[in-house]
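**Q** Structure file my_file32.cif (mmCIF, C-alpha atoms (C1' of nucleotides)) right here:
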```
data_query
#
loop_
_atom_site.group_PDB
_atom_site.id
_atom_site.type_symbol
_atom_site.label_atom_id
_atom_site.label_comp_id
_atom_site.auth_asym_id
_atom_site.auth_seq_id
_atom_site.Cartn_x
_atom_site.Cartn_y
_atom_site.Cartn_z
ATOM 1 C CA MET A 594 0.000 0.000 0.000
ATOM 2 C CA LYS A 595 1.283 3.393 -0.929
ATOM 3 C CA TYR A 596 0.812 5.106 2.420
ATOM 4 C CA ILE A 597 2.244 2.376 4.640
ATOM 5 C CA ASP A 598 5.817 3.300 3.868
ATOM 6 C CA LYS A 599 5.121 6.983 4.136
ATOM 7 C CA LEU A 600 3.848 6.471 7.660
ATOM 8 C CA ARG A 601 6.508 3.976 8.696
ATOM 9 C CA ASN A 602 9.269 6.199 7.412
ATOM 10 C CA SER A 603 8.141 8.982 9.681
ATOM 11 C CA GLY A 604 7.784 6.772 12.720
ATOM 12 C CA LEU A 605 4.009 6.523 12.650
ATOM 13 C CA ARG A 606 2.423 3.101 12.809
ATOM 14 C CA PRO A 607 0.281 2.499 9.751
ATOM 15 C CA THR A 608 -2.994 1.841 11.502
ATOM 16 C CA LYS A 609 -6.254 1.290 9.681
ATOM 17 C CA GLN A 610 -7.501 4.729 10.749
ATOM 18 C CA ARG A 611 -4.392 6.569 9.606
ATOM 19 C CA LEU A 612 -4.379 4.802 6.259
ATOM 20 C CA GLN A 613 -8.012 5.696 5.709
ATOM 21 C CA ILE A 614 -7.369 9.314 6.603
ATOM 22 C CA CYS A 615 -4.420 9.282 4.184
ATOM 23 C CA GLU A 616 -6.776 8.152 1.441
ATOM 24 C CA VAL A 617 -9.099 11.058 2.106
ATOM 25 C CA LEU A 618 -6.335 13.620 2.423
ATOM 26 C CA PHE A 619 -3.767 12.598 -0.148
ATOM 27 C CA ASN A 620 -5.392 10.335 -2.721
ATOM 28 C CA THR A 621 -6.753 13.266 -4.709
ATOM 29 C CA GLU A 622 -5.980 15.092 -7.906
ATOM 30 C CA LYS A 623 -5.854 18.484 -6.279
ATOM 31 C CA THR A 624 -4.740 19.680 -2.883
ATOM 32 C CA PHE A 625 -7.391 21.260 -0.683
ATOM 33 C CA HIS A 626 -8.114 23.230 2.466
ATOM 34 C CA PHE A 627 -10.183 21.853 5.314
ATOM 35 C CA THR A 628 -11.306 22.215 8.901
ATOM 36 C CA ILE A 629 -11.465 19.239 11.237
ATOM 37 C CA ASN A 630 -15.242 19.225 10.896
ATOM 38 C CA GLU A 631 -15.085 19.170 7.126
ATOM 39 C CA LEU A 632 -12.547 16.371 7.239
ATOM 40 C CA GLU A 633 -14.781 14.379 9.561
ATOM 41 C CA GLN A 634 -17.617 14.671 7.040
ATOM 42 C CA LYS A 635 -15.393 13.583 4.165
ATOM 43 C CA ILE A 636 -14.268 10.584 6.165
ATOM 44 C CA LYS A 637 -17.852 9.619 6.983
ATOM 45 C CA ASN A 638 -18.795 9.773 3.323
ATOM 46 C CA LYS A 639 -15.829 7.734 2.170
ATOM 47 C CA ILE A 640 -15.539 4.882 4.657
ATOM 48 C CA ASP A 641 -17.842 2.412 6.378
ATOM 49 C CA ASN A 642 -16.413 2.246 9.851
ATOM 50 C CA LYS A 643 -16.363 5.177 12.233
ATOM 51 C CA ILE A 644 -13.227 7.046 13.177
ATOM 52 C CA SER A 645 -13.392 8.801 16.508
ATOM 53 C CA LEU A 646 -13.150 12.579 16.501
ATOM 54 C CA ALA A 647 -10.199 12.342 18.885
ATOM 55 C CA THR A 648 -8.371 10.192 16.360
ATOM 56 C CA VAL A 649 -9.024 12.686 13.594
ATOM 57 C CA TYR A 650 -7.489 15.409 15.749
ATOM 58 C CA ASN A 651 -4.570 13.203 16.756
ATOM 59 C CA THR A 652 -3.876 12.184 13.197
ATOM 60 C CA VAL A 653 -4.095 15.675 11.743
ATOM 61 C CA HIS A 654 -1.698 16.948 14.380
ATOM 62 C CA ALA A 655 0.669 14.052 13.830
ATOM 63 C CA PHE A 656 0.622 14.661 10.079
ATOM 64 C CA GLU A 657 1.186 18.361 10.592
ATOM 65 C CA LYS A 658 4.176 17.684 12.813
ATOM 66 C CA LYS A 659 5.626 15.398 10.142
ATOM 67 C CA GLY A 660 5.089 18.025 7.470
ATOM 68 C CA TYR A 661 2.288 16.288 5.575
ATOM 69 C CA LEU A 662 -0.158 19.067 6.375
ATOM 70 C CA LYS A 663 0.116 22.763 7.016
ATOM 71 C CA GLN A 664 -1.933 24.966 9.261
ATOM 72 C CA ILE A 665 -3.145 28.098 7.523
ATOM 73 C CA PRO A 666 -2.696 31.225 9.617
ATOM 74 C CA ILE A 667 -6.073 32.855 9.583
ATOM 75 C CA ASN A 668 -8.417 34.088 12.266
ATOM 76 C CA SER A 669 -11.432 31.905 12.334
ATOM 77 C CA ASN A 670 -13.239 30.018 15.041
ATOM 78 C CA GLN A 671 -12.029 26.839 13.400
ATOM 79 C CA THR A 672 -8.480 25.916 12.417
ATOM 80 C CA TYR A 673 -7.830 25.522 8.703
ATOM 81 C CA PHE A 674 -5.387 23.004 7.276
ATOM 82 C CA ASP A 675 -3.909 22.621 3.818
ATOM 83 C CA THR A 676 -2.818 19.458 2.054
ATOM 84 C CA ASN A 677 -0.612 21.631 -0.135
ATOM 85 C CA VAL A 678 2.597 21.791 1.865
ATOM 86 C CA THR A 679 4.665 23.581 -0.743
ATOM 87 C CA ASP A 680 5.526 27.224 -0.133
ATOM 88 C CA HIS A 681 2.522 29.190 -1.266
ATOM 89 C CA HIS A 682 0.055 31.790 -0.134
ATOM 90 C CA HIS A 683 -3.676 32.442 0.153
ATOM 91 C CA PHE A 684 -6.485 34.716 -0.740
ATOM 92 C CA TYR A 685 -9.180 34.836 1.882
ATOM 93 C CA ASP A 686 -12.575 35.893 0.648
ATOM 94 C CA LEU A 687 -14.072 37.689 3.638
ATOM 95 C CA LYS A 688 -17.643 37.526 2.350
ATOM 96 C CA ASP A 689 -17.749 33.875 1.359
ATOM 97 C CA GLN A 690 -15.189 32.827 3.982
ATOM 98 C CA LYS A 691 -13.337 30.847 1.365
ATOM 99 C CA LEU A 692 -9.624 30.260 0.910
ATOM 100 C CA ILE A 693 -8.046 30.347 -2.534
ATOM 101 C CA ASP A 694 -4.503 29.275 -3.327
ATOM 102 C CA LEU A 695 -1.971 31.809 -4.504
ATOM 103 C CA GLU A 696 1.049 30.251 -6.148
ATOM 104 C CA ASN A 697 4.456 31.626 -5.324
ATOM 105 C CA SER A 698 4.663 32.910 -8.867
ATOM 106 C CA ASP A 699 1.470 34.915 -8.293
ATOM 107 C CA VAL A 700 3.119 36.854 -5.518
ATOM 108 C CA GLY A 701 6.692 37.331 -6.568
ATOM 109 C CA PRO A 702 9.744 37.136 -4.370
ATOM 110 C CA ILE A 703 9.461 38.327 -0.803
ATOM 111 C CA ASN A 704 12.626 39.623 0.718
ATOM 112 C CA ILE A 705 12.601 39.895 4.493
ATOM 113 C CA LYS A 706 15.276 42.431 5.298
ATOM 114 C CA LYS A 707 15.021 42.431 9.071
ATOM 115 C CA LYS A 708 16.939 39.803 11.045
ATOM 116 C CA ILE A 709 16.286 38.560 14.563
ATOM 117 C CA ASN A 710 19.306 37.399 16.502
ATOM 118 C CA GLY A 711 19.551 33.642 16.847
ATOM 119 C CA LYS A 712 16.368 32.970 14.911
ATOM 120 C CA ARG A 713 15.888 31.471 11.490
ATOM 121 C CA ILE A 714 13.000 32.036 9.143
ATOM 122 C CA LYS A 715 10.898 28.913 9.006
ATOM 123 C CA SER A 716 8.196 30.120 6.672
ATOM 124 C CA VAL A 717 6.851 33.217 4.986
ATOM 125 C CA GLU A 718 3.116 33.255 4.485
ATOM 126 C CA VAL A 719 1.056 35.914 2.794
ATOM 127 C CA LEU A 720 -2.649 36.294 3.445
ATOM 128 C CA VAL A 721 -4.501 38.537 1.001
ATOM 129 C CA LYS A 722 -7.945 39.480 2.227
ATOM 130 C CA LEU A 723 -10.576 40.072 -0.435
ATOM 131 C CA GLU A 724 -13.723 42.149 -0.278
ATOM 132 C CA ASP A 725 -16.430 42.909 -2.832
ATOM 133 C CA MET B 1416 -10.921 64.802 26.429
ATOM 134 C CA LYS B 1417 -9.004 63.540 23.475
ATOM 135 C CA TYR B 1418 -10.894 60.301 22.909
ATOM 136 C CA ILE B 1419 -14.419 61.669 23.214
ATOM 137 C CA ASP B 1420 -14.413 63.127 19.732
ATOM 138 C CA LYS B 1421 -12.761 60.067 18.266
ATOM 139 C CA LEU B 1422 -15.583 57.930 19.592
ATOM 140 C CA ARG B 1423 -18.380 60.357 18.743
ATOM 141 C CA ASN B 1424 -17.085 60.791 15.228
ATOM 142 C CA SER B 1425 -17.396 57.081 14.616
ATOM 143 C CA GLY B 1426 -20.844 56.826 16.124
ATOM 144 C CA LEU B 1427 -19.795 55.270 19.395
ATOM 145 C CA ARG B 1428 -21.024 56.817 22.615
ATOM 146 C CA PRO B 1429 -18.104 57.909 24.750
ATOM 147 C CA THR B 1430 -18.890 55.875 27.831
ATOM 148 C CA LYS B 1431 -16.640 55.729 30.856
ATOM 149 C CA GLN B 1432 -15.612 52.172 29.995
ATOM 150 C CA ARG B 1433 -14.740 52.966 26.390
ATOM 151 C CA LEU B 1434 -12.724 56.005 27.376
ATOM 152 C CA GLN B 1435 -10.789 53.988 29.924
ATOM 153 C CA ILE B 1436 -10.088 51.278 27.383
ATOM 154 C CA CYS B 1437 -8.935 53.992 24.962
ATOM 155 C CA GLU B 1438 -6.452 55.171 27.570
ATOM 156 C CA VAL B 1439 -4.997 51.693 27.898
ATOM 157 C CA LEU B 1440 -4.911 51.025 24.177
ATOM 158 C CA PHE B 1441 -3.975 54.321 22.610
ATOM 159 C CA ASN B 1442 -2.369 56.544 25.228
ATOM 160 C CA THR B 1443 1.031 54.930 24.757
ATOM 161 C CA GLU B 1444 4.332 55.759 23.135
ATOM 162 C CA LYS B 1445 4.469 52.558 21.153
ATOM 163 C CA THR B 1446 1.827 50.401 19.547
ATOM 164 C CA PHE B 1447 1.473 46.871 20.877
ATOM 165 C CA HIS B 1448 -0.066 43.445 20.381
ATOM 166 C CA PHE B 1449 -2.471 41.908 22.837
ATOM 167 C CA THR B 1450 -4.993 39.198 23.529
ATOM 168 C CA ILE B 1451 -8.262 39.928 25.296
ATOM 169 C CA ASN B 1452 -6.875 38.372 28.457
ATOM 170 C CA GLU B 1453 -3.777 40.515 28.375
ATOM 171 C CA LEU B 1454 -5.887 43.602 27.801
ATOM 172 C CA GLU B 1455 -8.092 42.695 30.743
ATOM 173 C CA GLN B 1456 -5.010 42.526 32.966
ATOM 174 C CA LYS B 1457 -3.737 45.874 31.730
ATOM 175 C CA ILE B 1458 -7.118 47.427 32.451
ATOM 176 C CA LYS B 1459 -7.185 45.976 35.964
ATOM 177 C CA ASN B 1460 -3.760 47.414 36.675
ATOM 178 C CA LYS B 1461 -4.581 50.841 35.335
ATOM 179 C CA ILE B 1462 -8.064 51.633 36.666
ATOM 180 C CA ASP B 1463 -9.960 51.342 39.920
ATOM 181 C CA ASN B 1464 -13.374 50.223 38.805
ATOM 182 C CA LYS B 1465 -14.069 46.918 37.116
ATOM 183 C CA ILE B 1466 -14.922 46.570 33.467
ATOM 184 C CA SER B 1467 -16.883 43.467 32.603
ATOM 185 C CA LEU B 1468 -15.239 40.946 30.321
ATOM 186 C CA ALA B 1469 -18.215 41.205 27.969
ATOM 187 C CA THR B 1470 -17.613 44.932 27.661
ATOM 188 C CA VAL B 1471 -13.956 44.365 26.849
ATOM 189 C CA TYR B 1472 -14.979 42.017 24.060
ATOM 190 C CA ASN B 1473 -17.681 44.380 22.840
ATOM 191 C CA THR B 1474 -15.344 47.342 22.839
ATOM 192 C CA VAL B 1475 -12.483 45.593 21.110
ATOM 193 C CA HIS B 1476 -14.816 44.384 18.390
ATOM 194 C CA ALA B 1477 -16.364 47.818 18.019
ATOM 195 C CA PHE B 1478 -12.915 49.399 17.740
ATOM 196 C CA GLU B 1479 -11.836 46.800 15.230
ATOM 197 C CA LYS B 1480 -14.881 47.463 13.085
ATOM 198 C CA LYS B 1481 -14.103 51.184 13.163
ATOM 199 C CA GLY B 1482 -10.502 50.552 12.181
ATOM 200 C CA TYR B 1483 -8.877 51.484 15.488
ATOM 201 C CA LEU B 1484 -7.580 47.972 15.986
ATOM 202 C CA LYS B 1485 -6.492 45.166 13.705
ATOM 203 C CA GLN B 1486 -6.801 41.452 14.199
ATOM 204 C CA ILE B 1487 -3.558 39.634 13.501
ATOM 205 C CA PRO B 1488 -4.051 36.508 11.415
ATOM 206 C CA ILE B 1489 -2.269 33.797 13.337
ATOM 207 C CA ASN B 1490 -3.288 30.405 14.584
ATOM 208 C CA SER B 1491 -3.471 30.478 18.310
ATOM 209 C CA ASN B 1492 -6.102 29.533 20.827
ATOM 210 C CA GLN B 1493 -6.478 33.220 21.559
ATOM 211 C CA THR B 1494 -7.099 36.026 19.104
ATOM 212 C CA TYR B 1495 -4.349 38.618 18.801
ATOM 213 C CA PHE B 1496 -5.001 42.279 18.173
ATOM 214 C CA ASP B 1497 -2.700 45.102 17.185
ATOM 215 C CA THR B 1498 -2.985 48.787 18.033
ATOM 216 C CA ASN B 1499 -0.791 49.472 15.007
ATOM 217 C CA VAL B 1500 -3.352 49.769 12.224
ATOM 218 C CA THR B 1501 -0.941 50.890 9.531
ATOM 219 C CA ASP B 1502 -0.053 48.401 6.807
ATOM 220 C CA HIS B 1503 2.686 46.228 8.234
ATOM 221 C CA HIS B 1504 3.638 42.647 8.867
ATOM 222 C CA HIS B 1505 4.764 40.302 11.627
ATOM 223 C CA PHE B 1506 7.378 37.894 12.753
ATOM 224 C CA TYR B 1507 5.996 35.137 14.924
ATOM 225 C CA ASP B 1508 8.502 33.496 17.206
ATOM 226 C CA LEU B 1509 7.240 29.930 17.441
ATOM 227 C CA LYS B 1510 9.279 29.089 20.536
ATOM 228 C CA ASP B 1511 8.477 32.136 22.632
ATOM 229 C CA GLN B 1512 5.041 32.629 21.039
ATOM 230 C CA LYS B 1513 5.816 36.291 20.581
ATOM 231 C CA LEU B 1514 4.852 38.675 17.796
ATOM 232 C CA ILE B 1515 7.334 41.203 16.467
ATOM 233 C CA ASP B 1516 6.478 44.025 14.079
ATOM 234 C CA LEU B 1517 7.903 44.056 10.594
ATOM 235 C CA GLU B 1518 7.688 47.430 8.924
ATOM 236 C CA ASN B 1519 6.636 47.582 5.314
ATOM 237 C CA SER B 1520 10.153 48.705 4.467
ATOM 238 C CA ASP B 1521 11.518 45.522 6.055
ATOM 239 C CA VAL B 1522 9.582 43.422 3.586
ATOM 240 C CA GLY B 1523 9.608 45.361 0.359
ATOM 241 C CA PRO B 1524 6.787 45.693 -2.104
ATOM 242 C CA ILE B 1525 4.458 42.752 -2.577
ATOM 243 C CA ASN B 1526 2.889 42.471 -5.957
ATOM 244 C CA ILE B 1527 -0.144 40.211 -6.141
ATOM 245 C CA LYS B 1528 -0.421 39.224 -9.768
ATOM 246 C CA LYS B 1529 -3.515 37.055 -9.592
ATOM 247 C CA LYS B 1530 -6.934 38.706 -9.794
ATOM 248 C CA ILE B 1531 -10.268 37.352 -8.616
ATOM 249 C CA ASN B 1532 -13.293 38.485 -10.539
ATOM 250 C CA GLY B 1533 -15.386 41.055 -8.718
ATOM 251 C CA LYS B 1534 -13.163 41.120 -5.658
ATOM 252 C CA ARG B 1535 -10.843 43.817 -4.402
ATOM 253 C CA ILE B 1536 -7.789 43.372 -2.254
ATOM 254 C CA LYS B 1537 -8.523 44.681 1.206
ATOM 255 C CA SER B 1538 -5.221 43.868 2.843
ATOM 256 C CA VAL B 1539 -1.976 41.996 2.313
ATOM 257 C CA GLU B 1540 -0.465 40.537 5.441
ATOM 258 C CA VAL B 1541 2.772 38.628 5.746
ATOM 259 C CA LEU B 1542 3.473 36.298 8.641
ATOM 260 C CA VAL B 1543 7.088 35.187 8.990
ATOM 261 C CA LYS B 1544 7.477 32.269 11.357
ATOM 262 C CA LEU B 1545 10.750 32.081 13.256
ATOM 263 C CA GLU B 1546 12.491 29.072 14.765
ATOM 264 C CA ASP B 1547 15.765 28.682 16.635
ATOM 265 C "C1'" DC C 1036 -37.427 66.021 33.102
ATOM 266 C "C1'" DA C 1037 -39.072 62.315 30.151
ATOM 267 C "C1'" DC C 1038 -38.110 59.246 26.743
ATOM 268 C "C1'" DT C 1039 -35.659 56.379 23.533
ATOM 269 C "C1'" DT C 1040 -31.838 53.857 22.276
ATOM 270 C "C1'" DA C 1041 -27.236 52.352 23.201
ATOM 271 C "C1'" DT C 1042 -24.343 50.219 26.450
ATOM 272 C "C1'" DT C 1043 -22.906 47.544 30.366
ATOM 273 C "C1'" DT C 1044 -23.106 43.584 33.094
ATOM 274 C "C1'" DA C 1045 -23.052 38.838 35.289
ATOM 275 C "C1'" DG C 1046 -23.796 34.726 34.179
ATOM 276 C "C1'" DA C 1047 -25.158 31.075 31.089
ATOM 277 C "C1'" DA C 1048 -24.441 28.919 26.830
ATOM 278 C "C1'" DC C 1049 -21.635 27.534 23.039
ATOM 279 C "C1'" DC C 1050 -18.346 24.896 20.738
ATOM 280 C "C1'" DA C 1051 -13.705 23.805 19.031
ATOM 281 C "C1'" DT C 1052 -10.122 21.581 21.027
ATOM 282 C "C1'" DT C 1053 -7.591 18.879 24.508
ATOM 283 C "C1'" DA C 1054 -7.210 15.636 28.330
ATOM 284 C "C1'" DT C 1055 -8.281 11.163 30.402
ATOM 285 C "C1'" DA C 1056 -8.047 6.551 31.128
ATOM 286 C "C1'" DA C 1057 -9.458 2.194 29.561
ATOM 287 C "C1'" DA C 1058 -9.527 -0.998 25.583
ATOM 288 C "C1'" DC C 1059 -7.166 -2.355 21.700
ATOM 289 C "C1'" DT C 1060 -3.422 -3.228 18.188
ATOM 290 C "C1'" DA C 1061 1.058 -3.286 15.781
ATOM 291 C "C1'" DG C 1062 5.480 -4.814 15.862
ATOM 292 C "C1'" DA C 1063 9.199 -7.193 18.085
ATOM 293 C "C1'" DA C 1064 11.212 -10.848 20.602
ATOM 294 C "C1'" DG C 1065 11.269 -15.408 22.099
ATOM 295 C "C1'" DC D 571 2.441 -18.884 17.189
ATOM 296 C "C1'" DT D 572 2.574 -16.601 21.726
ATOM 297 C "C1'" DT D 573 3.828 -13.050 24.682
ATOM 298 C "C1'" DC D 574 5.060 -8.595 25.706
ATOM 299 C "C1'" DT D 575 5.339 -3.586 25.345
ATOM 300 C "C1'" DA D 576 4.733 0.707 23.581
ATOM 301 C "C1'" DG D 577 1.850 3.107 20.573
ATOM 302 C "C1'" DT D 578 -2.911 4.038 19.190
ATOM 303 C "C1'" DT D 579 -7.846 4.440 19.365
ATOM 304 C "C1'" DT D 580 -11.936 5.531 21.648
ATOM 305 C "C1'" DA D 581 -15.913 7.609 24.225
ATOM 306 C "C1'" DT D 582 -16.451 10.860 27.217
ATOM 307 C "C1'" DA D 583 -15.338 14.581 30.263
ATOM 308 C "C1'" DA D 584 -13.047 18.784 30.894
ATOM 309 C "C1'" DT D 585 -11.200 23.136 29.354
ATOM 310 C "C1'" DG D 586 -11.315 27.708 27.931
ATOM 311 C "C1'" DG D 587 -11.967 31.448 24.700
ATOM 312 C "C1'" DT D 588 -15.790 33.680 22.871
ATOM 313 C "C1'" DT D 589 -20.660 34.817 22.249
ATOM 314 C "C1'" DC D 590 -25.396 35.182 23.898
ATOM 315 C "C1'" DT D 591 -29.047 36.759 27.008
ATOM 316 C "C1'" DA D 592 -31.884 39.621 29.383
ATOM 317 C "C1'" DA D 593 -32.056 42.879 32.889
ATOM 318 C "C1'" DA D 594 -30.024 47.174 34.733
ATOM 319 C "C1'" DT D 595 -27.889 51.407 33.660
ATOM 320 C "C1'" DA D 596 -26.352 55.470 31.115
ATOM 321 C "C1'" DA D 597 -26.166 58.707 27.142
ATOM 322 C "C1'" DG D 598 -28.270 61.761 24.064
ATOM 323 C "C1'" DT D 599 -32.430 64.322 22.499
ATOM 324 C "C1'" DG D 600 -36.461 67.174 22.769
#
```
Please express the file's structure as structure tokens.

**A**
Amino acid sequence: MKYIDKLRNSGLRPTKQRLQICEVLFNTEKTFHFTINELEQKIKNKIDNKISLATVYNTVHAFEKKGYLKQIPINSNQTYFDTNVTDHHHFYDLKDQKLIDLENSDVGPINIKKKINGKRIKSVEVLVKLED
Amino acid sequence: MKYIDKLRNSGLRPTKQRLQICEVLFNTEKTFHFTINELEQKIKNKIDNKISLATVYNTVHAFEKKGYLKQIPINSNQTYFDTNVTDHHHFYDLKDQKLIDLENSDVGPINIKKKINGKRIKSVEVLVKLED
DNA sequence: CACTTATTTAGAACCATTATAAACTAGAAG
DNA sequence: CTTCTAGTTTATAATGGTTCTAAATAAGTG
């Protein structure tokens, strides 16, 4: 199975639940954004057995820690995740509350001139808010 | 009083509570970032009477709507606000969980090349995550 | 002063997320 | 295959930031 090695290689046991969540998250043409609630719905629609909400949270956090998912920095009552873990940015449509991908090439190079002593830049994320 | 007109001009009644919160938020040398909890503490330290937590929430939201405060898009269990409402960006120190201002000149121009039909860009915010 | 509308307030309600602790399972070793 | 151990799943409770509610209070207007 294609996700067993992926999980093993990162020190996560390939359990039935994790493999099923992998199918939902990564076995798709396009990457996508989701909240935990939305993911739970997708899982329900795709599989027969039930996966506990706690497991969904655990798994998403484990995957995020391993770099298979990214949290999207946005103020919302729910946390948004992204299956696109490449460097890229987002539009946020304030009216429709929808996220839209912005490729790096859509934004151009960002040059952070300020340095903080003893700290390295881990990521640079741009959020472009849209209104009508 | 210097904040009475500010409030009246934006259609907010200059109540005792709002004026006191104005003192804490705006009567400072430097702008700053805060959570509601941190603001509540600051208020307690600065004034004699008590301001209800609900009023702090109400006031912060009212001020944000009027453009006197900005929400900082960051994933945290608490919402961060900024008394600096000029266009600027942030470092976020993941270890210390601290926000640091990044002036526009520290980042350089950001040119969003992609357009979304019928939508205007309201703001462009950069979050630079820092690690050790 | 009288009246209307906005604001404040304490407390309850809400709800996403995290903690708990018991049951279960994967992988390893014998 | 069996046993053992650490990792994982699970239902449920707990947590905690934020919002709601409805009654009391205060501001502005005539």

**Q** At what distance in Å, to one decimal, does atom CA of Ile703 of chain A lie from atom CA of Phe625 of chain A?

**A** 24.0 Å

**Q** Expand the PyMOL selection byres ((chain B and resi 1486) around 8) into the individual residues it matches in the shown file, reporting them as a list in words.

**A**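 That expression, the PyMOL selection byres ((chain B and resi 1486) around 8), corresponds here to Asn668 of chain A; Glu1479, Leu1484, Lys1485, Ile1487, Pro1488, Thr1494, Tyr1495, Phe1496 and Asp1497 of chain B.
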
**Q** Residues of chain C were defined as contacting chain B if any atom lay at most 12 Å from it, counting all atoms listed in the file; please report them as a list in words.

**A**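 Using all atoms listed in the file, chain C residues at most 12 Å from chain B: DT1040, DA1041, DT1042, DT1043, DT1044, DA1045, DG1046, DA1051, DT1052 and DT1053 of chain C.
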
**Q** Those same residues, written as an mmCIF file, in the frame of the given file with C-alpha atoms (C1' of nucleotides)?

**A**
```
data_model
loop_
_atom_site.group_PDB
_atom_site.id
_atom_site.type_symbol
_atom_site.label_atom_id
_atom_site.label_comp_id
_atom_site.auth_asym_id
_atom_site.auth_seq_id
_atom_site.Cartn_x
_atom_site.Cartn_y
_atom_site.Cartn_z
ATOM 1 C "C1'" DT C 1040 -31.838 53.857 22.276
ATOM 2 C "C1'" DA C 1041 -27.236 52.352 23.201
ATOM 3 C "C1'" DT C 1042 -24.343 50.219 26.450
ATOM 4 C "C1'" DT C 1043 -22.906 47.544 30.366
ATOM 5 C "C1'" DT C 1044 -23.106 43.584 33.094
ATOM 6 C "C1'" DA C 1045 -23.052 38.838 35.289
ATOM 7 C "C1'" DG C 1046 -23.796 34.726 34.179
ATOM 8 C "C1'" DA C 1051 -13.705 23.805 19.031
ATOM 9 C "C1'" DT C 1052 -10.122 21.581 21.027
ATOM 10 C "C1'" DT C 1053 -7.591 18.879 24.508
#
```

**Q** Which value, in Å to one decimal, gives the distance between atom CA of Tyr1472 of chain B and atom CA of Pro1429 of chain B?

**A**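 Answer for the atom CA of Tyr1472 of chain B to atom CA of Pro1429 of chain B separation: 16.2 Å.
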
**Q** Please measure the separation of atom CA of Glu724 of chain A and atom CA of Val1522 of chain B, giving the value in Å to one decimal.

**A**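 Atom-to-atom, atom CA of Glu724 of chain A and atom CA of Val1522 of chain B are spaced 23.7 Å apart.
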
**Q** Given the file shown, determine the residues that the PyMOL selection byres ((chain C and resi 1057) around 9) selects; report them as a PyMOL selection string.

**A** (chain C and resi 1056+1058) or (chain D and resi 580)

**Q** What does the PyMOL selection byres ((chain D) within 12 of (chain A)) select in this file, as an mmCIF file with C-alpha atoms (C1' of nucleotides), in the coordinates of the input?

**A**
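Printed below is out-v6.cif as written:
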```
data_model
loop_
_atom_site.group_PDB
_atom_site.id
_atom_site.type_symbol
_atom_site.label_atom_id
_atom_site.label_comp_id
_atom_site.auth_asym_id
_atom_site.auth_seq_id
_atom_site.Cartn_x
_atom_site.Cartn_y
_atom_site.Cartn_z
ATOM 1 C "C1'" DA D 576 4.733 0.707 23.581
ATOM 2 C "C1'" DG D 577 1.850 3.107 20.573
ATOM 3 C "C1'" DT D 578 -2.911 4.038 19.190
ATOM 4 C "C1'" DT D 579 -7.846 4.440 19.365
ATOM 5 C "C1'" DT D 580 -11.936 5.531 21.648
ATOM 6 C "C1'" DA D 581 -15.913 7.609 24.225
ATOM 7 C "C1'" DT D 582 -16.451 10.860 27.217
ATOM 8 C "C1'" DG D 587 -11.967 31.448 24.700
ATOM 9 C "C1'" DT D 588 -15.790 33.680 22.871
ATOM 10 C "C1'" DT D 589 -20.660 34.817 22.249
#
```

**Q** Compile the contact shell of His1504 of chain B as a list in words: residues with an atom at most 6 Å away, counting only C-alpha atoms (C1' of nucleotides), same-chain residues fewer than 2 positions apart removed.

**A** Leu1517, Glu1540 and Val1541 of chain B

**Q** Please save C-alpha atoms of the selected residues as a short mmCIF file (atom, residue, chain, number, x, y, z; two decimals), in the coordinates of the input.

**A**
```cif
data_model
loop_
_atom_site.label_atom_id
_atom_site.label_comp_id
_atom_site.auth_asym_id
_atom_site.auth_seq_id
_atom_site.Cartn_x
_atom_site.Cartn_y
_atom_site.Cartn_z
CA LEU B 1517 7.90 44.06 10.59
CA GLU B 1540 -0.46 40.54 5.44
CA VAL B 1541 2.77 38.63 5.75
#
```

**Q** Around all the atoms of segment 579-594 of chain D listed in the file, draw an axis-aligned box and extend it by 5 Å on each of the six sides; I want its centre and edge lengths in Å to one decimal, as lines of an AutoDock Vina configuration file.

**A**
```
center_x = -20.0
center_y = 25.8
center_z = 27.0
size_x = 34.2
size_y = 52.7
size_z = 25.4
```

**Q** Out of A:Leu687, A:Cys615, A:Ile629, A:Ala655, which residue has the shortest atom-to-atom distance to Ile667 of chain A when counting only C-alpha atoms?

**A** A:Leu687

**Q** Could you name the residues that touch Asp1463 of chain B at 12 Å or less, counting all atoms listed in the file, but leaving out those on the same chain fewer than 5 positions away, as a PDB file with C-alpha atoms, keeping the file's coordinate frame?

**A**
```pdb
ATOM      1  CA  GLN B1432     -15.612  52.172  29.995  1.00  0.00           C
ATOM      2  CA  GLN B1435     -10.789  53.988  29.924  1.00  0.00           C
ATOM      3  CA  LYS B1457      -3.737  45.874  31.730  1.00  0.00           C
ATOM      4  CA  ILE B1458      -7.118  47.427  32.451  1.00  0.00           C
TER       5      ILE B1458
END
```

**Q** Just want the 7 Å neighbourhood of Tyr1483 of chain B, counted on only C-alpha atoms (C1' of nucleotides), with same-chain residues fewer than 5 positions away dropped. Output as a VMD selection string.

**A** chain B and resid 1478 1498 1500
